[in-house]
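Visitor: There's a structure below that I have some questions on.
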Number of protein chains: 2
Amino acid sequence: MSASPYVQLEQEFKRLHAFRGALALLRWDAAVMMPRGSADVRGDQLAALETEHHALLTAPRITRLLDRAQANTQGLEDWQVANLREMRRQRDHAIATPATLVSRLTKAAARAESQWLTARTEGKFASFAPYLEEVVHLVRDKASLLGQALNLAPYDALVDEFSPGLTTADIDAMFKALSRRLPSLIREAIVAQEGRARLPLTGKFPPHKQRALTVEVMKAVGFQFDRGRLDESEHPSTEGSPGDIRITTRFDPADVFSGLLGALHETGHAMYDLGLPQDWRDQPVGRDRGMALEESQSLLLEMYICRSRPFVRYLQPLLARHFGTTGPEWEVENVYEHLTRVQRGLIRVDADELTYPLHIMLRYELEKQLLTGELAVRDLPEAWNSGMEQRLGIRPANDVEGCLQDIHWAIGSFGYFPSYALGAVMAAQLYESMRAELPALDEQLARGEFGGLFGWLRTNVHGLGAKVPVQDLIKGATGKPLSAAPFLRYAEAKYLENTASSAAA
Amino acid sequence: MSASPYVQLEQEFKRLHAFRGALALLRWDAAVMMPRGSADVRGDQLAALETEHHALLTAPRITRLLDRAQANTQGLEDWQVANLREMRRQRDHAIATPATLVSRLTKAAARAESQWLTARTEGKFASFAPYLEEVVHLVRDKASLLGQALNLAPYDALVDEFSPGLTTADIDAMFKALSRRLPSLIREAIVAQEGRARLPLTGKFPPHKQRALTVEVMKAVGFQFDRGRLDESEHPSTEGSPGDIRITTRFDPADVFSGLLGALHETGHAMYDLGLPQDWRDQPVGRDRGMALEESQSLLLEMYICRSRPFVRYLQPLLARHFGTTGPEWEVENVYEHLTRVQRGLIRVDADELTYPLHIMLRYELEKQLLTGELAVRDLPEAWNSGMEQRLGIRPANDVEGCLQDIHWAIGSFGYFPSYALGAVMAAQLYESMRAELPALDEQLARGEFGGLFGWLRTNVHGLGAKVPVQDLIKGATGKPLSAAPFLRYAEAKYLENTASSAAA
């Protein structure tokens with residue numbers, strides 16, 4: 001007797017999972033280990049494996065098996081039914097985009113990425129514009145095909161690739177709520193912090209010592225170094241597969257926190273990946289529930305847990321032990337002041353929790369307009385600069401600190417940016433519920449104990465994998481539908497503490 | 001008009017090349033970078049890619065294209081015709097072994113490898129025997145199928161996988177010539193060296209300094225660090241693809257030479273891989289010409305070039321600079337004496353040039369007997385031990401320093417061992433011709449100049465890829481058919497210098 005269609009599908013998707021793991025390792029190696037001159041060799045390897053992965057996923061055999069398995073789901077358990085749904089989702093996304101379009105987009109993105117690097121060096125948007133234009137055209141085609149196949153508006157279809165279950169309507173509702181309060185909140189927070197002292201944290205912090213501290217903290221957090229690594233690369237990242245997670249960060253000898261917090265942000269991703277349901281590790285239902293939730297986990301650890309007084313209490317003696325830091329500037333309150341500074345800046349990746357969503361809203365608005373054609377690529381710099389002025393009151397002096405700062409559009413990642421802001425909103429909502437259920441959390445964190453935190457997250461988030469839609473997951477974990485209110489409550493409490501506005505909230 | 005069958009084949013094999021490169025990177029990472037606990041994840045990835053590579057190579061489409069292309073080779077150049085021949089060779093080897101047998105062998109080998117490790121720890125061959133037996137049975141089946149398909153004797157078919165173009169007849173002729181002279185030569189060399197002084201080379205050599213020295217020497221040799229890396233692992237190895245070569249070695253803080261010479265042995269492989277014809281890099285005809293020739297290149301650099309007086313002259317000031325080595329024990333003659341010491345030992349990988357072939361002959365004889373069934377697996381330890389006694393006059397006290405020392409048989413590598421000894425013989429023949437054509441070689445080496453050496457090798461060996469059979473390549477490079485005579489001449493001149501026997505030779 002041959003295996004059932006469902007069991008055959010599990011075998012097929014186990015193989016696809018292994019392919020994706022191999023691809024992730026090749027990408028990690030390219031960023032961390034690969035010799036400079038070997039990019040051409042690696043490019044061929046990535047293309048070969050990606051093409052084959054696409055071919056295997058869209059093979060008629062998979063469609064036939066899916067049809068047969070979905071025709072009769074009697075006898076399948078919850079997880080298996082959800083697994084089938086996620087298999088279908090992956091296949092539908094893959095088959096909606098013809099291999100030729102995928103290949104044209106991959107090549108156009110590779111050219112645009114290279115031109116983007118050049119344009120950044122030379123500070124010239126104009127030389128990059130035609131390449132971005134080509135990418136925009138191809139992404140528009142892809143969005144239209146994906147939308148038809150998935151019965152979604154074109155832009156929603158792109159969002160669905162990264163954050164399944166979230167739509168423009170969700171994003172708009174969230175951003176509207178944030179827009180109403182954030183600009184004034186930022187003003188008030190800056191006024192409040194100007195009234196407080198902040199001693200500079202200067203010194204020399206050798207990278208090898210920063211690494212030792214970071215490893216110690218990551219171990220306390222629960223990162224399994226027998227199932228993952230920490231290395232250094234140009235940009236912090238998390239790659240690999242659950243079961244072999246590769247984190248990178250970047251140590252700045254003049255800044256004791258940027259490398260550590262970069263690593264802890266990535267550790268938030270890693271803990272999610274390591275906490276995914278073991279039994280479904282190599283199946284679609286065992287994957288993360290999209291990029292917004294992924295980002296909620298990294299932000300939760302970095303912003304909510306690590307940029308907090310209890311964590312600084314835990315960290316302070318470690319800093320003293322690793323770097324010999326003493327004096328009033330290393331007191332908890334002064335360090336906390338540094339970790340929670342609000343500042344209107346031009347660069348997204350350097351932004352604090354309050355200004356960050358405004359950076360995202362601008363990108364969200366502009367990328368939608370680029371895709372509809374409402375905004376021409378050549379007009380992007382001006383639209384960007386006036387958008388920044390309008391939202392944050394500052395104007396880039398050039399495109400490098402303006403619309404050339406992010407790689408996303410060059411490589412065809414449209415519909416990705418909203419995940420960052422939605423992640424922050426989800427993190428706040430999860431954090432609020434978690435605090436209510438874990439009254440001893442602050443004391444645990446101050447002792448460097450993260451078991452309670454991750455126990456809660458495993459039960460309510462990590463261990464669910466992709467079993468339920470993200471909105472249901474949030475509602476299950478917090479008892480309420482996704483909303484921006486917890487984020488605003490958290491932001492007011494944290495950034496306006498001891499002020500009239502906070503008291504009134 | 002669609003592309004010609006030949007051009008379509010080139011595209012297919014380019015893709016297969018990329019798959020093999022990805023597999024090589026996954027193996028390198030497993031040996032050098034991977035967290036301990038991630039072996040299961042990596043195992044799935046390797047299996048998925050290997051299975052797919054086998055499926056792609058044995059697909060009916062490849063056979064059809066090969067038939068069509070080979071039916072009409074008019075208009076194809078030499079290299080293209082040779083490429084077709086190598087494509088067919090790869091496909092014939094792959095298709096002769098059914099996927100089920102490949103998969104059974106892979107799994108049996110994984111089990112046997114794990115039991116081999118355990119048996120080594122516990123010193124018990126008996127617990128390993130049934131697992132080895134299973135592997136032997138499967139390899140026997142494979143040899144029989146391969147032999148039928150390739151019209152070769154079963155054992156020859158296995159040899160052909162590693163060293164195409166070489167047969168038992170070649171090996172027997174070579175080993176007969178070596179057997180006649182080596183035992184007495186070893187006796188005479190040991191007597192001769194006992195008459196010479198050898199001051200011990202003691203000291204502490206921190207691994208990071210050894211690494212710096214090794215990198216400096218590898219750069220001088222010509223290794224391109226923008227196309228490769230040097231790392232550390234349990235066993236020295238060369239992995240990766242031409243264009244991204246990953247070398248490993250292992251530094252012993254008490255021994256200044258083992259890590260350096262291990263790396264230089266691997267650099268010999270790497271220089272071959274880096275010197276393969278650029279235009280054919282991703283095609284079968286652009287690959288190395290088998291393991292015997294590969295080994296000739298690593299031995300040529302390690303044994304012939306680096307264990308020589310001119311190289312020691314170049315190395316001596318580097319040792320002084322990196323480690324502050326001074327005193328009579330660091331004089332050229334004393335260092336050379338250490339690098340050319342002959343000693344009857346039990347362990348193959350520690351053996352010198354003269355005793356090494358005897359280790360190989362024993363394994364060659366035993367693995368043939370295991371495959372025919374003439375020797376039962378349970379009788380292997382006794383056969384090994386008495387073979388060692390007979391050939392080298394020493395008897396292992398246990399199986400760990402006896403028949404459990406090599407991993408090859410556990411992982412199903414039968415027919416591989418002869419490559420090591422054939423490599424030594426080829427190296428000698430190439431070296432003899434090269435010296436005749438490069439009269440200034442010694443002076444160049446003493447100055448740390450390796451351009452002449454590798455220029456000759458590129459023209460006569462590396463640049464030919466797999467264009468001609470290995471016997472033709474050796475004949476083309478040296479003007480004579482492959483023979484053991486140059487090896488014996490070299491060995492007598494090097495190890496019996498200033499003795500009567502050498503003078504008589």
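Following the order of the structure tokens, chains are lettered A, B, ..., residues in each are numbered from 1, and ligands are numbered from 1.
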Once you count only C-alpha atoms, which residues of chain B turn out to be within 7 Å of chain A? Could you give them as a list in words?
Guide: Arg15, Ala18, Phe19, Gly21, Ala22, Pro35, Arg36, Gly37, Ser38, Val41, Asp44, Gln45, Ala48, Phe225, Asp226, Arg227, Gly228, Arg229, Gly243 and Asp244 of chain B
Visitor: Considering only C-alpha atoms, return as a ChimeraX atom specification whatever protein or nucleic-acid residues lie within 12 Å of Leu230 in chain A, sequence-local ones (same chain, fewer than 5 positions apart) excluded.
Guide: /A:28,32,211-212,214-216,218-219,223-225,236-240,244-251,259-260,262-264,266-267,270 /B:33-35
Visitor: Using only C-alpha atoms, find the one residue out of A:Leu430, A:Ala59, A:Ala189, A:Ala153 that sits nearest to Glu497 in chain A.
Guide: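 Answer, going by the shortest atom-to-atom distance: A:Ala189.
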Visitor: Using only C-alpha atoms, which of the listed residues (A:Ser233, A:Phe125, A:Met174, A:His408) sits closest to Ala30 in chain A?
Guide: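 Using only C-alpha atoms, the shortest distance to Ala30 in chain A belongs to A:Ser233.
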Visitor: Could you give me, as a PyMOL selection string, the residues within 8 Å of Arg91 in chain B, counting only C-alpha atoms and dropping anything in the same chain fewer than 5 positions from it?
Guide: chain B and resi 57-58+63
Visitor: Ranking B:Cys403, B:Ala143, B:Ala149, B:Leu339 by minimum distance to Pro200 in chain B and counting only C-alpha atoms, which one comes first?
Guide: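 So, comparing all the options, the nearest one is B:Leu339.
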Visitor: Find the residues near Leu166 in chain B: any atom within 8 Å, counting only C-alpha atoms, skip ones fewer than 3 places away on the same chain, and give them as a list of chain:residue names.
Guide: B:Asp156, B:Val159, B:Asp160, B:Ser163, B:Asp170, B:Ile171, B:Val470, B:Gln471
Visitor: So that I have them on file, write out the residues from the current selection with C-alpha atoms, as a PDB file, in the first residue's frame.
Guide:
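Dumped everything to part.pdb:
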ATOM      1  CA  ASP B 156      38.227  -1.585 -11.462  1.00  0.00           C
ATOM      2  CA  VAL B 159      38.750   2.663  -8.928  1.00  0.00           C
ATOM      3  CA  ASP B 160      37.392   4.289 -12.073  1.00  0.00           C
ATOM      4  CA  SER B 163      40.697   7.798 -10.734  1.00  0.00           C
ATOM      5  CA  ASP B 170      48.255  -0.352 -13.663  1.00  0.00           C
ATOM      6  CA  ILE B 171      48.171  -0.501  -9.889  1.00  0.00           C
ATOM      7  CA  VAL B 470      45.366  10.647 -17.049  1.00  0.00           C
ATOM      8  CA  GLN B 471      47.877   8.291 -18.665  1.00  0.00           C
TER       9      GLN B 471
END
Visitor: Excluding range 361-368 of chain B and any residue of its chain fewer than 3 positions from it, enumerate the residues within 7 Å of it, using only C-alpha atoms, and give them as a VMD selection string.
Guide: chain B and resid 357 to 358 371 to 372 387 414 417 to 418
Visitor: Go ahead and write the residues just picked, N, CA and C atoms, as a PDB file, in the first residue's frame.
Guide:
ATOM      1  N   PRO B 357      53.781   4.112   0.886  1.00  0.00           N
ATOM      2  CA  PRO B 357      53.209   3.179  -0.104  1.00  0.00           C
ATOM      3  C   PRO B 357      52.946   1.791   0.475  1.00  0.00           C
ATOM      4  N   LEU B 358      53.740   1.357   1.469  1.00  0.00           N
ATOM      5  CA  LEU B 358      53.522   0.035   2.053  1.00  0.00           C
ATOM      6  C   LEU B 358      52.187  -0.007   2.797  1.00  0.00           C
ATOM      7  N   LEU B 371      36.067  -7.507  -0.773  1.00  0.00           N
ATOM      8  CA  LEU B 371      35.007  -7.414  -1.790  1.00  0.00           C
ATOM      9  C   LEU B 371      34.744  -8.758  -2.467  1.00  0.00           C
ATOM     10  N   THR B 372      35.794  -9.525  -2.705  1.00  0.00           N
ATOM     11  CA  THR B 372      35.552 -10.845  -3.321  1.00  0.00           C
ATOM     12  C   THR B 372      34.977 -11.812  -2.292  1.00  0.00           C
ATOM     13  N   GLY B 387      49.683  -8.524   8.117  1.00  0.00           N
ATOM     14  CA  GLY B 387      50.156  -7.781   6.939  1.00  0.00           C
ATOM     15  C   GLY B 387      51.136  -6.685   7.329  1.00  0.00           C
ATOM     16  N   PHE B 414      35.739   2.288  -1.126  1.00  0.00           N
ATOM     17  CA  PHE B 414      36.618   1.204  -1.571  1.00  0.00           C
ATOM     18  C   PHE B 414      37.135   1.582  -2.961  1.00  0.00           C
ATOM     19  N   PHE B 417      41.978   4.035  -1.834  1.00  0.00           N
ATOM     20  CA  PHE B 417      43.350   4.013  -1.285  1.00  0.00           C
ATOM     21  C   PHE B 417      44.450   4.026  -2.343  1.00  0.00           C
ATOM     22  N   PRO B 418      44.331   3.244  -3.432  1.00  0.00           N
ATOM     23  CA  PRO B 418      45.443   3.229  -4.392  1.00  0.00           C
ATOM     24  C   PRO B 418      45.816   4.620  -4.908  1.00  0.00           C
TER      25      PRO B 418
END
Visitor: So that I can see what lies close to Ser144 in chain B, please list as an mmCIF file with C-alpha atoms, in the first residue's frame the residues with an atom at most 12 Å from it, counting only C-alpha atoms and leaving out residues fewer than 5 positions away in the same chain.
Guide:
data_model
loop_
_atom_site.group_PDB
_atom_site.id
_atom_site.type_symbol
_atom_site.label_atom_id
_atom_site.label_comp_id
_atom_site.auth_asym_id
_atom_site.auth_seq_id
_atom_site.Cartn_x
_atom_site.Cartn_y
_atom_site.Cartn_z
ATOM 1 C CA ALA B 96 24.579 2.411 -13.162
ATOM 2 C CA THR B 97 23.790 2.668 -9.468
ATOM 3 C CA HIS B 137 27.797 -6.134 0.901
ATOM 4 C CA LEU B 138 26.310 -2.985 -0.588
ATOM 5 C CA VAL B 139 29.619 -1.848 -2.110
ATOM 6 C CA ALA B 149 27.572 -0.962 -17.015
ATOM 7 C CA LEU B 150 31.116 0.223 -17.654
ATOM 8 C CA ASN B 151 32.448 -3.096 -18.945
ATOM 9 C CA LEU B 152 35.067 -3.238 -16.223
ATOM 10 C CA ALA B 153 35.933 -5.735 -13.496
ATOM 11 C CA PRO B 154 34.008 -4.848 -10.312
ATOM 12 C CA TYR B 155 37.008 -3.487 -8.392
ATOM 13 C CA ASP B 156 38.227 -1.585 -11.462
ATOM 14 C CA ALA B 157 34.816 0.042 -11.692
ATOM 15 C CA LEU B 158 35.243 1.391 -8.158
ATOM 16 C CA LEU B 371 35.007 -7.414 -1.790
ATOM 17 C CA THR B 372 35.552 -10.845 -3.321
#
Visitor: Nearest to Ser4 in chain B: which of B:Ala466, B:Leu65, B:Leu299, B:Arg104 is it, counting only C-alpha atoms?
Guide: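 Checking each candidate against Ser4 in chain B, we get B:Leu65 as the closest.
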Visitor: Write out as a list in words all residues of range 111-306 of chain B that backbone DSSP assigns to strand (DSSP E).
Guide: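 Across range 111-306 of chain B, those assigned strand (DSSP E) are Gly228, Arg229, Leu230, Asp231, Glu232, Ser237, Thr238, Glu239, Gly240, Ser241, Asp244, Ile245, Arg246, Ile247, Thr248 and Thr249 of chain B.
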Visitor: Please identify all polymer residues within 10 Å of range 192-195 of chain B, counting only C-alpha atoms, omitting same-chain residues fewer than 6 positions from it, and present them as a PyMOL selection string.
Guide: chain B and resi 186+337+340-342+495-499
Visitor: Output N, CA and C atoms for every residue in that selection, as a compact mmCIF listing (two decimals), in the first residue's frame.
Guide:
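Contents of selection10.txt, as written:
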# COMPACT_ATOMS: atom_id res chain seq x y z
N ILE B 186 64.08 1.38 2.63
CA ILE B 186 63.72 1.88 3.96
C ILE B 186 64.82 1.49 4.97
N GLU B 337 66.65 17.59 8.18
CA GLU B 337 66.74 16.24 8.75
C GLU B 337 65.40 15.84 9.39
N THR B 340 62.58 15.08 6.77
CA THR B 340 62.78 13.93 5.88
C THR B 340 63.09 12.66 6.66
N ARG B 341 62.63 12.64 7.89
CA ARG B 341 62.92 11.48 8.73
C ARG B 341 62.10 10.27 8.27
N VAL B 342 62.76 9.13 8.18
CA VAL B 342 62.07 7.88 7.81
C VAL B 342 61.89 7.04 9.07
N TYR B 495 67.03 9.96 -0.06
CA TYR B 495 67.19 9.32 1.25
C TYR B 495 68.50 8.55 1.42
N LEU B 496 69.20 8.31 0.30
CA LEU B 496 70.49 7.62 0.41
C LEU B 496 71.62 8.49 -0.10
N GLU B 497 71.42 9.82 -0.06
CA GLU B 497 72.48 10.69 -0.56
C GLU B 497 73.76 10.43 0.25
N ASN B 498 74.90 10.52 -0.43
CA ASN B 498 76.20 10.28 0.20
C ASN B 498 76.38 8.87 0.73
N THR B 499 75.57 7.94 0.27
CA THR B 499 75.84 6.55 0.66
C THR B 499 76.22 5.78 -0.59
Visitor: Please, which residues in range 179-284 of chain B fall within 10 Å of range 439-450 of chain B when counting only C-alpha atoms, and what is the closest atom pair and distance in Å to one decimal for each, ordered by chain then residue number, as JSON lines?
Guide:
{"residue": "B:Val217", "atom": "CA", "partner": "B:Gly448", "partner_atom": "CA", "distance": 8.3}
{"residue": "B:Ala220", "atom": "CA", "partner": "B:Gly448", "partner_atom": "CA", "distance": 6.5}
{"residue": "B:Val221", "atom": "CA", "partner": "B:Phe450", "partner_atom": "CA", "distance": 5.5}
{"residue": "B:Gly222", "atom": "CA", "partner": "B:Phe450", "partner_atom": "CA", "distance": 7.3}
Visitor: Give me a file of those residues, with C-alpha atoms, as a PDB file, in the first residue's frame.
Guide:
ATOM      1  CA  VAL B 217      53.762  31.002   2.974  1.00  0.00           C
ATOM      2  CA  ALA B 220      53.966  33.253  -1.520  1.00  0.00           C
ATOM      3  CA  VAL B 221      52.996  29.905  -3.027  1.00  0.00           C
ATOM      4  CA  GLY B 222      50.203  31.654  -4.907  1.00  0.00           C
TER       5      GLY B 222
END
Visitor: Just asking: which residues within range 97-267 of chain A are alpha helix (DSSP H) according to DSSP, as a ChimeraX atom specification?
Guide: /A:99-122,129-150,154-162,168-194,207-221,258-267
